[in-house]
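Presented below is the structure to which this report refers.
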Amino acid sequence: KGEIFSSTYSQTLNRVCQAVERKRMPFGQIIIGAPGAGKTTYCNGMMQFLQGIGRQVVVVNLDPANDTLPFEAQINITSLIGLDDIMDETELGPNGAFIYSMEFLEKNLEWLKSKLDQYPDGYFLFDCPGQMETYTHHNSMRNILEKLQKWNFRIAAVHLIDSFVCTSPSNYISGLLLSLTCMLQLELPHINVLSKIDLLKNYELDFNLDFYTEVQSLDRLQQYLETDRISKKYGALNKAICEMIEDFGLVSFRPLDISNKDSVYAIVKAVDKATGYIFGSLTQGNENIMALAESNYEYEPWTDE
């Protein structure tokens, strides 16, 4: 019976491997966040880091207003549609034009697919717009990301939040609620990042950094919220929001200093584990992939060599 099982398992694995090999399975990051969170800076730093460790990085700019990038975007939505053109033709304001651009891209996904197919071995960084309504309740972005997954892309959302929110309990709660909403709306593997963490040294925090990254015991924020004249009015609402966030138990943060290689490397490890990049392709001889997924696998320490 053991031999029969082994033979059947081997044949099944071979068929799966052949099916997988016929499909291109690129990996990538969906970089989202509010304006000023550091998305473009993140893309620039992450691109340089990944290129340094040998990955063929392809930057995809999905922000039609971002026409002054500090690096070359191999795929740029501005070659399909521009924000100024939308505003002139539709008489929409900036936010409405952003929504229109995402809806336009959703209806012209073959354009995006034709561009992506030009980089069969690429690792993709999708630099997305800063209008958060595209990730919290409007469906076009979610539909675009679902289509990417149908094209066999293995992607994870990297949500950047300016670490300055940690200096104010009310801002921090807003950041938590925004993160949870994006996670539930996009339904992707999700890495929440506190960006510009190096700048926090200029401020005095109510708690140590672990409190903000681990998102535990949010009831401890109540005493600080009650000292604020405005927040005090919404004590019951703040308490309900904190309880809801803890009940879901989904939100946590990773600190990031984009100028620090070890900090960037920690994010790369988290994203690679979320997307399955560290587990490799499902090819014959890689039968231990599920065992590895269940383990506490760690990369070798990063060195400059």
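Here, A, B, ... name the chains of the structure tokens in the order displayed, residue numbers run from 1 inside each chain, and ligands are numbered from 1 in the same displayed order.
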Selection: 6 Å around range 117-129 of chain A, only C-alpha atoms, excl. self and same-chain fewer than 6 positions, as a PyMOL selection string: chain A and resi 27-32+56-63
Any chance you can output those residues with all heavy atoms as a JSON list (two decimals), in the first residue's frame?
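New file selection.json:
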```json
[["chain", "number", "residue", "atom", "x", "y", "z"],
["A", 27, "PHE", "N", 5.53, 37.59, -8.99],
["A", 27, "PHE", "CA", 5.28, 38.08, -7.64],
["A", 27, "PHE", "C", 5.32, 39.60, -7.65],
["A", 27, "PHE", "O", 5.90, 40.23, -8.54],
["A", 27, "PHE", "CB", 6.33, 37.55, -6.67],
["A", 27, "PHE", "CG", 6.28, 36.07, -6.47],
["A", 27, "PHE", "CD1", 6.89, 35.20, -7.36],
["A", 27, "PHE", "CD2", 5.61, 35.53, -5.38],
["A", 27, "PHE", "CE1", 6.85, 33.83, -7.17],
["A", 27, "PHE", "CE2", 5.55, 34.15, -5.19],
["A", 27, "PHE", "CZ", 6.17, 33.30, -6.08],
["A", 28, "GLY", "N", 4.70, 40.20, -6.63],
["A", 28, "GLY", "CA", 4.73, 41.65, -6.58],
["A", 28, "GLY", "C", 4.13, 42.22, -5.32],
["A", 28, "GLY", "O", 3.55, 41.51, -4.49],
["A", 29, "GLN", "N", 4.29, 43.54, -5.17],
["A", 29, "GLN", "CA", 3.76, 44.28, -4.03],
["A", 29, "GLN", "C", 2.81, 45.36, -4.53],
["A", 29, "GLN", "O", 3.12, 46.06, -5.50],
["A", 29, "GLN", "CB", 4.90, 44.94, -3.24],
["A", 29, "GLN", "CG", 5.95, 44.00, -2.73],
["A", 29, "GLN", "CD", 7.06, 44.72, -1.99],
["A", 29, "GLN", "OE1", 6.86, 45.82, -1.44],
["A", 29, "GLN", "NE2", 8.24, 44.14, -1.97],
["A", 30, "ILE", "N", 1.68, 45.48, -3.85],
["A", 30, "ILE", "CA", 0.72, 46.56, -4.11],
["A", 30, "ILE", "C", 0.94, 47.60, -3.02],
["A", 30, "ILE", "O", 0.57, 47.40, -1.86],
["A", 30, "ILE", "CB", -0.73, 46.04, -4.08],
["A", 30, "ILE", "CG1", -0.89, 44.83, -5.00],
["A", 30, "ILE", "CG2", -1.69, 47.16, -4.46],
["A", 30, "ILE", "CD1", -0.62, 45.10, -6.46],
["A", 31, "ILE", "N", 1.55, 48.72, -3.38],
["A", 31, "ILE", "CA", 1.93, 49.73, -2.38],
["A", 31, "ILE", "C", 0.84, 50.78, -2.29],
["A", 31, "ILE", "O", 0.58, 51.51, -3.25],
["A", 31, "ILE", "CB", 3.29, 50.37, -2.72],
["A", 31, "ILE", "CG1", 4.38, 49.30, -2.68],
["A", 31, "ILE", "CG2", 3.62, 51.47, -1.74],
["A", 31, "ILE", "CD1", 5.06, 49.08, -3.97],
["A", 32, "ILE", "N", 0.19, 50.85, -1.13],
["A", 32, "ILE", "CA", -0.91, 51.78, -0.92],
["A", 32, "ILE", "C", -0.62, 52.64, 0.31],
["A", 32, "ILE", "O", 0.27, 52.34, 1.11],
["A", 32, "ILE", "CB", -2.26, 51.06, -0.75],
["A", 32, "ILE", "CG1", -2.27, 50.22, 0.54],
["A", 32, "ILE", "CG2", -2.55, 50.17, -1.96],
["A", 32, "ILE", "CD1", -3.61, 49.57, 0.84],
["A", 56, "GLN", "N", 14.79, 41.12, -10.82],
["A", 56, "GLN", "CA", 14.48, 42.00, -11.95],
["A", 56, "GLN", "C", 13.21, 42.78, -11.60],
["A", 56, "GLN", "O", 12.10, 42.30, -11.77],
["A", 56, "GLN", "CB", 14.27, 41.18, -13.23],
["A", 56, "GLN", "CG", 13.95, 42.04, -14.44],
["A", 56, "GLN", "CD", 13.67, 41.20, -15.69],
["A", 56, "GLN", "OE1", 14.15, 40.09, -15.82],
["A", 56, "GLN", "NE2", 12.87, 41.74, -16.59],
["A", 57, "VAL", "N", 13.40, 43.99, -11.13],
["A", 57, "VAL", "CA", 12.30, 44.78, -10.60],
["A", 57, "VAL", "C", 11.63, 45.58, -11.72],
["A", 57, "VAL", "O", 12.30, 46.20, -12.55],
["A", 57, "VAL", "CB", 12.78, 45.75, -9.50],
["A", 57, "VAL", "CG1", 11.61, 46.56, -8.95],
["A", 57, "VAL", "CG2", 13.46, 44.97, -8.38],
["A", 58, "VAL", "N", 10.31, 45.53, -11.74],
["A", 58, "VAL", "CA", 9.51, 46.30, -12.69],
["A", 58, "VAL", "C", 8.56, 47.18, -11.87],
["A", 58, "VAL", "O", 7.75, 46.68, -11.10],
["A", 58, "VAL", "CB", 8.69, 45.38, -13.62],
["A", 58, "VAL", "CG1", 7.83, 46.22, -14.57],
["A", 58, "VAL", "CG2", 9.61, 44.45, -14.40],
["A", 59, "VAL", "N", 8.69, 48.49, -12.03],
["A", 59, "VAL", "CA", 7.83, 49.43, -11.31],
["A", 59, "VAL", "C", 6.63, 49.78, -12.19],
["A", 59, "VAL", "O", 6.79, 50.14, -13.35],
["A", 59, "VAL", "CB", 8.59, 50.71, -10.91],
["A", 59, "VAL", "CG1", 7.66, 51.68, -10.20],
["A", 59, "VAL", "CG2", 9.78, 50.37, -10.02],
["A", 60, "VAL", "N", 5.45, 49.66, -11.61],
["A", 60, "VAL", "CA", 4.21, 49.97, -12.31],
["A", 60, "VAL", "C", 3.57, 51.17, -11.61],
["A", 60, "VAL", "O", 3.10, 51.05, -10.47],
["A", 60, "VAL", "CB", 3.23, 48.78, -12.31],
["A", 60, "VAL", "CG1", 1.98, 49.12, -13.11],
["A", 60, "VAL", "CG2", 3.91, 47.53, -12.86],
["A", 61, "ASN", "N", 3.55, 52.32, -12.25],
["A", 61, "ASN", "CA", 2.93, 53.51, -11.67],
["A", 61, "ASN", "C", 1.46, 53.55, -12.03],
["A", 61, "ASN", "O", 1.09, 53.70, -13.20],
["A", 61, "ASN", "CB", 3.62, 54.78, -12.18],
["A", 61, "ASN", "CG", 2.95, 56.03, -11.65],
["A", 61, "ASN", "OD1", 2.55, 56.08, -10.49],
["A", 61, "ASN", "ND2", 2.81, 57.04, -12.49],
["A", 62, "LEU", "N", 0.59, 53.41, -11.02],
["A", 62, "LEU", "CA", -0.85, 53.46, -11.23],
["A", 62, "LEU", "C", -1.45, 54.78, -10.74],
["A", 62, "LEU", "O", -2.67, 54.90, -10.62],
["A", 62, "LEU", "CB", -1.54, 52.29, -10.52],
["A", 62, "LEU", "CG", -1.19, 50.89, -11.04],
["A", 62, "LEU", "CD1", -1.98, 49.83, -10.28],
["A", 62, "LEU", "CD2", -1.46, 50.78, -12.54],
["A", 63, "ASP", "N", -0.59, 55.76, -10.46],
["A", 63, "ASP", "CA", -1.04, 57.07, -10.01],
["A", 63, "ASP", "C", -0.97, 58.05, -11.18],
["A", 63, "ASP", "O", 0.11, 58.47, -11.58],
["A", 63, "ASP", "CB", -0.15, 57.55, -8.87],
["A", 63, "ASP", "CG", -0.65, 58.84, -8.24],
["A", 63, "ASP", "OD1", -1.53, 59.50, -8.83],
["A", 63, "ASP", "OD2", -0.16, 59.20, -7.15]]
```
Helix (DSSP H, G or I) positions in range 85-198 of chain A, given as a PyMOL selection string: chain A and resi 85-90+94-107+109-116+133-136+140-150+163-167+169-186+197-198
To test your reading of the structure, identify every residue in range 18-263 of chain A that backbone DSSP assigns to strand (DSSP E), and report it as a PyMOL selection string. chain A and resi 27-33+57-61+75-76+123-127+154-162+190-195+254-255
Could you turn the residues from that selection into a file that holds N, CA, C and O atoms, as a tab-separated table (two decimals), in the first residue's frame?
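See selection.tsv below for the written result:
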```tsv
chain	number	residue	atom	x	y	z
A	27	PHE	N	5.53	37.59	-8.99
A	27	PHE	CA	5.28	38.08	-7.64
A	27	PHE	C	5.32	39.60	-7.65
A	27	PHE	O	5.90	40.23	-8.54
A	28	GLY	N	4.70	40.20	-6.63
A	28	GLY	CA	4.73	41.65	-6.58
A	28	GLY	C	4.13	42.22	-5.32
A	28	GLY	O	3.55	41.51	-4.49
A	29	GLN	N	4.29	43.54	-5.17
A	29	GLN	CA	3.76	44.28	-4.03
A	29	GLN	C	2.81	45.36	-4.53
A	29	GLN	O	3.12	46.06	-5.50
A	30	ILE	N	1.68	45.48	-3.85
A	30	ILE	CA	0.72	46.56	-4.11
A	30	ILE	C	0.94	47.60	-3.02
A	30	ILE	O	0.57	47.40	-1.86
A	31	ILE	N	1.55	48.72	-3.38
A	31	ILE	CA	1.93	49.73	-2.38
A	31	ILE	C	0.84	50.78	-2.29
A	31	ILE	O	0.58	51.51	-3.25
A	32	ILE	N	0.19	50.85	-1.13
A	32	ILE	CA	-0.91	51.78	-0.92
A	32	ILE	C	-0.62	52.64	0.31
A	32	ILE	O	0.27	52.34	1.11
A	33	GLY	N	-1.37	53.70	0.45
A	33	GLY	CA	-1.20	54.59	1.60
A	33	GLY	C	-1.69	55.98	1.27
A	33	GLY	O	-1.82	56.36	0.10
A	57	VAL	N	13.40	43.99	-11.13
A	57	VAL	CA	12.30	44.78	-10.60
A	57	VAL	C	11.63	45.58	-11.72
A	57	VAL	O	12.30	46.20	-12.55
A	58	VAL	N	10.31	45.53	-11.74
A	58	VAL	CA	9.51	46.30	-12.69
A	58	VAL	C	8.56	47.18	-11.87
A	58	VAL	O	7.75	46.68	-11.10
A	59	VAL	N	8.69	48.49	-12.03
A	59	VAL	CA	7.83	49.43	-11.31
A	59	VAL	C	6.63	49.78	-12.19
A	59	VAL	O	6.79	50.14	-13.35
A	60	VAL	N	5.45	49.66	-11.61
A	60	VAL	CA	4.21	49.97	-12.31
A	60	VAL	C	3.57	51.17	-11.61
A	60	VAL	O	3.10	51.05	-10.47
A	61	ASN	N	3.55	52.32	-12.25
A	61	ASN	CA	2.93	53.51	-11.67
A	61	ASN	C	1.46	53.55	-12.03
A	61	ASN	O	1.09	53.70	-13.20
A	75	ILE	N	6.22	50.65	-16.50
A	75	ILE	CA	4.82	50.70	-16.92
A	75	ILE	C	4.19	51.88	-16.21
A	75	ILE	O	4.26	51.99	-14.98
A	76	ASN	N	3.56	52.77	-16.97
A	76	ASN	CA	3.05	54.01	-16.39
A	76	ASN	C	1.64	54.29	-16.90
A	76	ASN	O	1.41	54.36	-18.12
A	123	TYR	N	9.75	41.11	-11.07
A	123	TYR	CA	9.18	41.24	-9.73
A	123	TYR	C	8.57	42.63	-9.69
A	123	TYR	O	9.27	43.63	-9.86
A	124	PHE	N	7.26	42.73	-9.46
A	124	PHE	CA	6.53	43.97	-9.72
A	124	PHE	C	6.25	44.77	-8.46
A	124	PHE	O	5.83	44.23	-7.43
A	125	LEU	N	6.48	46.08	-8.57
A	125	LEU	CA	6.11	47.04	-7.53
A	125	LEU	C	5.04	47.96	-8.11
A	125	LEU	O	5.31	48.73	-9.03
A	126	PHE	N	3.82	47.86	-7.59
A	126	PHE	CA	2.71	48.68	-8.07
A	126	PHE	C	2.56	49.89	-7.17
A	126	PHE	O	2.12	49.78	-6.01
A	127	ASP	N	2.94	51.06	-7.68
A	127	ASP	CA	2.82	52.32	-6.93
A	127	ASP	C	1.43	52.88	-7.18
A	127	ASP	O	1.11	53.33	-8.28
A	154	ARG	N	1.08	36.60	-7.76
A	154	ARG	CA	1.07	36.40	-6.31
A	154	ARG	C	1.47	37.73	-5.67
A	154	ARG	O	2.64	38.11	-5.70
A	155	ILE	N	0.50	38.40	-5.12
A	155	ILE	CA	0.71	39.78	-4.67
A	155	ILE	C	0.31	39.93	-3.21
A	155	ILE	O	-0.50	39.16	-2.68
A	156	ALA	N	0.90	40.93	-2.58
A	156	ALA	CA	0.55	41.31	-1.21
A	156	ALA	C	0.44	42.82	-1.15
A	156	ALA	O	1.18	43.54	-1.85
A	157	ALA	N	-0.47	43.31	-0.35
A	157	ALA	CA	-0.62	44.75	-0.16
A	157	ALA	C	0.35	45.21	0.92
A	157	ALA	O	0.44	44.61	1.99
A	158	VAL	N	1.08	46.27	0.62
A	158	VAL	CA	1.95	46.92	1.60
A	158	VAL	C	1.35	48.29	1.89
A	158	VAL	O	1.40	49.19	1.04
A	159	HIS	N	0.74	48.43	3.06
A	159	HIS	CA	0.03	49.65	3.41
A	159	HIS	C	0.92	50.53	4.27
A	159	HIS	O	1.23	50.17	5.41
A	160	LEU	N	1.32	51.66	3.73
A	160	LEU	CA	2.19	52.58	4.46
A	160	LEU	C	1.36	53.61	5.23
A	160	LEU	O	0.46	54.24	4.67
A	161	ILE	N	1.68	53.75	6.49
A	161	ILE	CA	1.06	54.79	7.33
A	161	ILE	C	2.19	55.56	8.00
A	161	ILE	O	3.12	54.97	8.58
A	162	ASP	N	2.15	56.87	7.89
A	162	ASP	CA	3.18	57.72	8.48
A	162	ASP	C	3.22	57.48	9.98
A	162	ASP	O	2.20	57.58	10.68
A	190	HIS	N	-1.57	41.04	3.68
A	190	HIS	CA	-1.46	42.47	3.98
A	190	HIS	C	-0.32	42.72	4.97
A	190	HIS	O	-0.24	42.06	6.01
A	191	ILE	N	0.56	43.65	4.63
A	191	ILE	CA	1.63	44.08	5.52
A	191	ILE	C	1.41	45.55	5.83
A	191	ILE	O	1.50	46.40	4.93
A	192	ASN	N	1.08	45.86	7.08
A	192	ASN	CA	0.92	47.25	7.49
A	192	ASN	C	2.27	47.78	7.99
A	192	ASN	O	2.92	47.13	8.81
A	193	VAL	N	2.65	48.93	7.49
A	193	VAL	CA	3.99	49.47	7.76
A	193	VAL	C	3.88	50.87	8.34
A	193	VAL	O	3.16	51.72	7.80
A	194	LEU	N	4.60	51.10	9.44
A	194	LEU	CA	4.77	52.45	9.97
A	194	LEU	C	6.01	53.05	9.31
A	194	LEU	O	7.15	52.68	9.65
A	195	SER	N	5.80	53.93	8.35
A	195	SER	CA	6.92	54.50	7.60
A	195	SER	C	7.55	55.68	8.35
A	195	SER	O	6.98	56.19	9.32
A	254	ARG	N	4.65	46.92	11.08
A	254	ARG	CA	6.10	46.72	11.03
A	254	ARG	C	6.75	48.08	10.82
A	254	ARG	O	6.34	48.81	9.92
A	255	PRO	N	7.73	48.42	11.63
A	255	PRO	CA	8.39	49.72	11.48
A	255	PRO	C	9.33	49.71	10.27
A	255	PRO	O	9.91	48.68	9.93
```
Which residues of range 118-180 of chain A come within 12 Å of range 199-219 of chain A, and for each one, what is the closest pair of atoms and their distance in Å to one decimal, counting only C-alpha atoms, sorted by chain and residue number, as JSON lines?
```
{"residue": "A:Ile161", "atom": "CA", "partner": "A:Thr213", "partner_atom": "CA", "distance": 11.6}
{"residue": "A:Asp162", "atom": "CA", "partner": "A:Leu199", "partner_atom": "CA", "distance": 9.8}
{"residue": "A:Ser163", "atom": "CA", "partner": "A:Leu200", "partner_atom": "CA", "distance": 7.0}
{"residue": "A:Phe164", "atom": "CA", "partner": "A:Leu200", "partner_atom": "CA", "distance": 6.8}
{"residue": "A:Val165", "atom": "CA", "partner": "A:Tyr212", "partner_atom": "CA", "distance": 9.7}
{"residue": "A:Cys166", "atom": "CA", "partner": "A:Tyr212", "partner_atom": "CA", "distance": 6.9}
{"residue": "A:Thr167", "atom": "CA", "partner": "A:Leu205", "partner_atom": "CA", "distance": 5.6}
{"residue": "A:Ser168", "atom": "CA", "partner": "A:Leu205", "partner_atom": "CA", "distance": 8.3}
{"residue": "A:Pro169", "atom": "CA", "partner": "A:Asp206", "partner_atom": "CA", "distance": 8.6}
{"residue": "A:Ser170", "atom": "CA", "partner": "A:Leu218", "partner_atom": "CA", "distance": 11.5}
{"residue": "A:Asn171", "atom": "CA", "partner": "A:Tyr212", "partner_atom": "CA", "distance": 11.8}
{"residue": "A:Tyr172", "atom": "CA", "partner": "A:Tyr212", "partner_atom": "CA", "distance": 8.2}
{"residue": "A:Ile173", "atom": "CA", "partner": "A:Leu218", "partner_atom": "CA", "distance": 8.9}
{"residue": "A:Gly175", "atom": "CA", "partner": "A:Tyr212", "partner_atom": "CA", "distance": 10.7}
{"residue": "A:Leu176", "atom": "CA", "partner": "A:Val215", "partner_atom": "CA", "distance": 8.5}
{"residue": "A:Leu177", "atom": "CA", "partner": "A:Val215", "partner_atom": "CA", "distance": 11.6}
{"residue": "A:Ser179", "atom": "CA", "partner": "A:Val215", "partner_atom": "CA", "distance": 11.8}
{"residue": "A:Leu180", "atom": "CA", "partner": "A:Val215", "partner_atom": "CA", "distance": 11.8}
```
I'd like the interatomic distance between CA of Lys239 in chain A and CA of Thr136 in chain A, to a tenth of an Å. 21.5 Å
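In terms of minimum interatomic distance to Glu110 in chain A, A:Lys147 ranks closest within A:Val268, A:Thr90, A:Gly82, A:Lys147, counting only C-alpha atoms.
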Range 259-264 of chain A surroundings by only C-alpha atoms, 12 Å radius, close-in-sequence under 6 positions cut, as a PDB file with N, CA, C and O atoms, in the first residue's frame:
```pdb
ATOM      1  N   THR A  41       8.768  57.069  -2.301  1.00  0.00           N
ATOM      2  CA  THR A  41      10.077  56.879  -1.666  1.00  0.00           C
ATOM      3  C   THR A  41      10.300  55.409  -1.350  1.00  0.00           C
ATOM      4  O   THR A  41      11.401  54.874  -1.519  1.00  0.00           O
ATOM      5  N   TYR A  42       9.245  54.740  -0.900  1.00  0.00           N
ATOM      6  CA  TYR A  42       9.327  53.300  -0.628  1.00  0.00           C
ATOM      7  C   TYR A  42       9.655  52.534  -1.904  1.00  0.00           C
ATOM      8  O   TYR A  42      10.529  51.659  -1.909  1.00  0.00           O
ATOM      9  N   CYS A  43       8.952  52.857  -2.988  1.00  0.00           N
ATOM     10  CA  CYS A  43       9.203  52.179  -4.265  1.00  0.00           C
ATOM     11  C   CYS A  43      10.651  52.363  -4.702  1.00  0.00           C
ATOM     12  O   CYS A  43      11.298  51.419  -5.162  1.00  0.00           O
ATOM     13  N   ASN A  44      11.144  53.579  -4.554  1.00  0.00           N
ATOM     14  CA  ASN A  44      12.517  53.876  -4.962  1.00  0.00           C
ATOM     15  C   ASN A  44      13.520  53.079  -4.131  1.00  0.00           C
ATOM     16  O   ASN A  44      14.427  52.428  -4.672  1.00  0.00           O
ATOM     17  N   GLY A  45      13.355  53.101  -2.807  1.00  0.00           N
ATOM     18  CA  GLY A  45      14.267  52.371  -1.933  1.00  0.00           C
ATOM     19  C   GLY A  45      14.150  50.872  -2.095  1.00  0.00           C
ATOM     20  O   GLY A  45      15.156  50.150  -2.133  1.00  0.00           O
ATOM     21  N   MET A  46      12.908  50.368  -2.191  1.00  0.00           N
ATOM     22  CA  MET A  46      12.693  48.931  -2.345  1.00  0.00           C
ATOM     23  C   MET A  46      13.238  48.437  -3.678  1.00  0.00           C
ATOM     24  O   MET A  46      13.815  47.340  -3.770  1.00  0.00           O
ATOM     25  N   MET A  47      13.053  49.236  -4.730  1.00  0.00           N
ATOM     26  CA  MET A  47      13.574  48.868  -6.047  1.00  0.00           C
ATOM     27  C   MET A  47      15.089  48.700  -5.994  1.00  0.00           C
ATOM     28  O   MET A  47      15.638  47.700  -6.493  1.00  0.00           O
ATOM     29  N   GLN A  48      15.777  49.652  -5.377  1.00  0.00           N
ATOM     30  CA  GLN A  48      17.240  49.582  -5.304  1.00  0.00           C
ATOM     31  C   GLN A  48      17.688  48.379  -4.468  1.00  0.00           C
ATOM     32  O   GLN A  48      18.653  47.694  -4.824  1.00  0.00           O
ATOM     33  N   PHE A  49      16.977  48.115  -3.386  1.00  0.00           N
ATOM     34  CA  PHE A  49      17.347  46.981  -2.532  1.00  0.00           C
ATOM     35  C   PHE A  49      17.163  45.663  -3.276  1.00  0.00           C
ATOM     36  O   PHE A  49      18.052  44.802  -3.275  1.00  0.00           O
ATOM     37  N   LEU A  50      16.001  45.496  -3.919  1.00  0.00           N
ATOM     38  CA  LEU A  50      15.715  44.238  -4.610  1.00  0.00           C
ATOM     39  C   LEU A  50      16.651  44.028  -5.798  1.00  0.00           C
ATOM     40  O   LEU A  50      17.067  42.897  -6.079  1.00  0.00           O
ATOM     41  N   GLY A  52      19.628  45.053  -5.850  1.00  0.00           N
ATOM     42  CA  GLY A  52      20.910  44.711  -5.236  1.00  0.00           C
ATOM     43  C   GLY A  52      21.023  43.247  -4.867  1.00  0.00           C
ATOM     44  O   GLY A  52      22.139  42.710  -4.781  1.00  0.00           O
ATOM     45  N   ILE A  53      19.879  42.577  -4.634  1.00  0.00           N
ATOM     46  CA  ILE A  53      19.924  41.147  -4.306  1.00  0.00           C
ATOM     47  C   ILE A  53      19.550  40.287  -5.508  1.00  0.00           C
ATOM     48  O   ILE A  53      19.291  39.091  -5.364  1.00  0.00           O
ATOM     49  N   VAL A 193       2.651  48.934   7.489  1.00  0.00           N
ATOM     50  CA  VAL A 193       3.986  49.467   7.757  1.00  0.00           C
ATOM     51  C   VAL A 193       3.882  50.873   8.343  1.00  0.00           C
ATOM     52  O   VAL A 193       3.165  51.723   7.804  1.00  0.00           O
ATOM     53  N   LEU A 194       4.605  51.101   9.435  1.00  0.00           N
ATOM     54  CA  LEU A 194       4.771  52.454   9.971  1.00  0.00           C
ATOM     55  C   LEU A 194       6.013  53.045   9.313  1.00  0.00           C
ATOM     56  O   LEU A 194       7.146  52.676   9.649  1.00  0.00           O
ATOM     57  N   SER A 195       5.804  53.931   8.354  1.00  0.00           N
ATOM     58  CA  SER A 195       6.923  54.498   7.603  1.00  0.00           C
ATOM     59  C   SER A 195       7.552  55.679   8.352  1.00  0.00           C
ATOM     60  O   SER A 195       6.985  56.194   9.319  1.00  0.00           O
ATOM     61  N   LYS A 196       8.735  56.077   7.893  1.00  0.00           N
ATOM     62  CA  LYS A 196       9.471  57.216   8.473  1.00  0.00           C
ATOM     63  C   LYS A 196       9.710  57.031   9.974  1.00  0.00           C
ATOM     64  O   LYS A 196       9.661  57.987  10.745  1.00  0.00           O
ATOM     65  N   ILE A 197       9.972  55.786  10.357  1.00  0.00           N
ATOM     66  CA  ILE A 197      10.114  55.496  11.781  1.00  0.00           C
ATOM     67  C   ILE A 197      11.328  56.201  12.373  1.00  0.00           C
ATOM     68  O   ILE A 197      11.382  56.466  13.591  1.00  0.00           O
ATOM     69  N   ASP A 198      12.283  56.547  11.534  1.00  0.00           N
ATOM     70  CA  ASP A 198      13.487  57.231  12.015  1.00  0.00           C
ATOM     71  C   ASP A 198      13.180  58.636  12.515  1.00  0.00           C
ATOM     72  O   ASP A 198      13.940  59.196  13.321  1.00  0.00           O
ATOM     73  N   LEU A 199      12.060  59.211  12.058  1.00  0.00           N
ATOM     74  CA  LEU A 199      11.707  60.572  12.473  1.00  0.00           C
ATOM     75  C   LEU A 199      11.006  60.617  13.829  1.00  0.00           C
ATOM     76  O   LEU A 199      10.834  61.697  14.404  1.00  0.00           O
ATOM     77  N   ALA A 270       8.960  39.741   5.222  1.00  0.00           N
ATOM     78  CA  ALA A 270       7.529  39.630   5.543  1.00  0.00           C
ATOM     79  C   ALA A 270       6.694  39.508   4.276  1.00  0.00           C
ATOM     80  O   ALA A 270       5.773  38.684   4.198  1.00  0.00           O
ATOM     81  N   VAL A 271       7.015  40.318   3.271  1.00  0.00           N
ATOM     82  CA  VAL A 271       6.265  40.268   2.017  1.00  0.00           C
ATOM     83  C   VAL A 271       6.488  38.940   1.300  1.00  0.00           C
ATOM     84  O   VAL A 271       5.540  38.323   0.787  1.00  0.00           O
ATOM     85  N   PRO A 301      20.977  35.979   7.565  1.00  0.00           N
ATOM     86  CA  PRO A 301      21.158  37.404   7.896  1.00  0.00           C
ATOM     87  C   PRO A 301      21.672  38.183   6.696  1.00  0.00           C
ATOM     88  O   PRO A 301      22.471  37.687   5.898  1.00  0.00           O
ATOM     89  N   TRP A 302      21.174  39.413   6.557  1.00  0.00           N
ATOM     90  CA  TRP A 302      21.572  40.258   5.443  1.00  0.00           C
ATOM     91  C   TRP A 302      22.995  40.774   5.642  1.00  0.00           C
ATOM     92  O   TRP A 302      23.385  41.161   6.740  1.00  0.00           O
ATOM     93  N   THR A 303      23.796  40.739   4.589  1.00  0.00           N
ATOM     94  CA  THR A 303      25.130  41.344   4.612  1.00  0.00           C
ATOM     95  C   THR A 303      25.303  42.142   3.348  1.00  0.00           C
ATOM     96  O   THR A 303      24.596  41.951   2.344  1.00  0.00           O
ATOM     97  N   ASP A 304      26.236  43.071   3.341  1.00  0.00           N
ATOM     98  CA  ASP A 304      26.511  43.886   2.169  1.00  0.00           C
ATOM     99  C   ASP A 304      27.293  43.137   1.111  1.00  0.00           C
ATOM    100  O   ASP A 304      27.444  43.598  -0.011  1.00  0.00           O
TER     101      ASP A 304
END
```
